[in-house]
Amino acid sequence: APTTALANGTYFGAILDPSTNCESAVRLQVAVTINDPGTPTTADATQDFCLVNAPTVANIQVNESNVVWYDSLTSTTAIAPTTALANGTYFGAILDPATNCQSAVRLQVAVTINDPGTPTTTDNTQDFCLANVPTVANIQVDQANVVWYGTLTGVTPLAPTTALANGIYYGAILDPVTGCQSASRLQVTVTVTNPATPTTTNNSQNFCISNSPTVANIQVNAT
């Protein structure tokens, strides 16, 4: 029957004349080969990505090359490799560049995109006293596991013990479970104030006990 699925082997064809109902005395031989690149495989059927890394379809892990991805088992329109990943299931097939055949059965990979969210603070402009020796760990935020950077796009976090200086600090939550950081960073403007050292015209001051001197009587040039 014309609807019979092809299989590897030789097929023999004859013309059937509809007027005489005669068929060819000699049949045509056609050797048929059915190609299937096989289903792609992966080391992880449930893959997690960090939003901050801007993962794309090309980042889905498979063990074979030339894999194309679809948004359903039966879709015929492949997803561009540069398409940003989203939560959901992706369906992969091997595309054989020699035969242009694709996998008859597609691989399914469940994708999860993680983002701990942007940290928050009750004060976006924080003031500190130099005398208190403030450090990065002293910046106030409402969440735990916040790491700080000197720039919006920096990749090397500042050590919590780093001395604070005037400027803008950029904070991201580091999720200890997924290892993901905030895709959007909090900005905090820091001001470290130092009133400077007071001065005096006399570093050795003498007072008469009869005048009942107090600390307020020590002579200084500053108020």
# chains A, B, ... in the order shown; residues from 1 in each chain; ligands from 1
>>> residues_around(residues="stretch 118-131 of chain A", least_positions_apart="6", cutoff="7 Å", atoms="only C-alpha atoms", output="ChimeraX atom specification")
/A:140-143,171-173,182,184-194
>>> write_last_selection(atoms="C-alpha atoms", output="mmCIF file, in the first residue's frame")
data_model
loop_
_atom_site.group_PDB
_atom_site.id
_atom_site.type_symbol
_atom_site.label_atom_id
_atom_site.label_comp_id
_atom_site.auth_asym_id
_atom_site.auth_seq_id
_atom_site.Cartn_x
_atom_site.Cartn_y
_atom_site.Cartn_z
ATOM 1 C CA GLN A 140 23.036 47.816 55.503
ATOM 2 C CA VAL A 141 20.845 45.442 53.474
ATOM 3 C CA ASP A 142 17.660 43.547 54.300
ATOM 4 C CA GLN A 143 18.858 40.136 53.068
ATOM 5 C CA GLY A 171 25.277 44.432 45.888
ATOM 6 C CA ALA A 172 23.976 41.075 44.679
ATOM 7 C CA ILE A 173 22.401 38.181 46.560
ATOM 8 C CA SER A 182 21.126 38.626 41.352
ATOM 9 C CA SER A 184 20.113 43.161 38.831
ATOM 10 C CA ARG A 185 22.359 44.713 41.499
ATOM 11 C CA LEU A 186 21.497 47.117 44.310
ATOM 12 C CA GLN A 187 23.355 50.443 44.270
ATOM 13 C CA VAL A 188 24.336 52.072 47.579
ATOM 14 C CA THR A 189 26.163 55.396 47.774
ATOM 15 C CA VAL A 190 28.629 55.440 50.666
ATOM 16 C CA THR A 191 30.083 58.504 52.369
ATOM 17 C CA VAL A 192 32.854 58.065 54.912
ATOM 18 C CA THR A 193 33.201 61.155 57.078
ATOM 19 C CA ASN A 194 36.329 62.234 58.955
#
>>> residues_around(residues="A:Asn217", least_positions_apart="4", cutoff="10 Å", atoms="only C-alpha atoms", output="list in words")
Gln205, Phe207, Ser212 and Pro213 of chain A
>>> select_by_dssp(residues="stretch 80-162 of chain A", states="strand (DSSP E)", output="ChimeraX atom specification")
/A:88-94,107-114,125-129,146-149
>>> residues_around(residues="A:Ala84", least_positions_apart="5", cutoff="10 Å", atoms="only C-alpha atoms", output="ChimeraX atom specification")
/A:51,54-59,79
>>> closest_residue(among="A:Thr156, A:Thr223, A:Gln108, A:Asn66", to="A:Thr46", atoms="only C-alpha atoms")
A:Gln108
>>> atom_distance(atom1="atom CA of A:Trp69", atom2="atom CA of A:Gly92")
4.4 Å
>>> select_by_dssp(residues="stretch 43-190 of chain A", states="helix (DSSP H, G or I)", output="ChimeraX atom specification")
/A:51-53,57-59,130-132,136-138
>>> closest_residue(among="A:Gly117, A:Pro40, A:Pro81, A:Gly150", to="A:Val105", atoms="only C-alpha atoms")
A:Pro40
>>> closest_residue(among="A:Ser103, A:Thr76, A:Asn53, A:Asn114", to="A:Pro176", atoms="only C-alpha atoms")
A:Asn114
>>> atom_distance(atom1="atom CA of A:Ala222", atom2="atom CA of A:Leu164")
26.4 Å
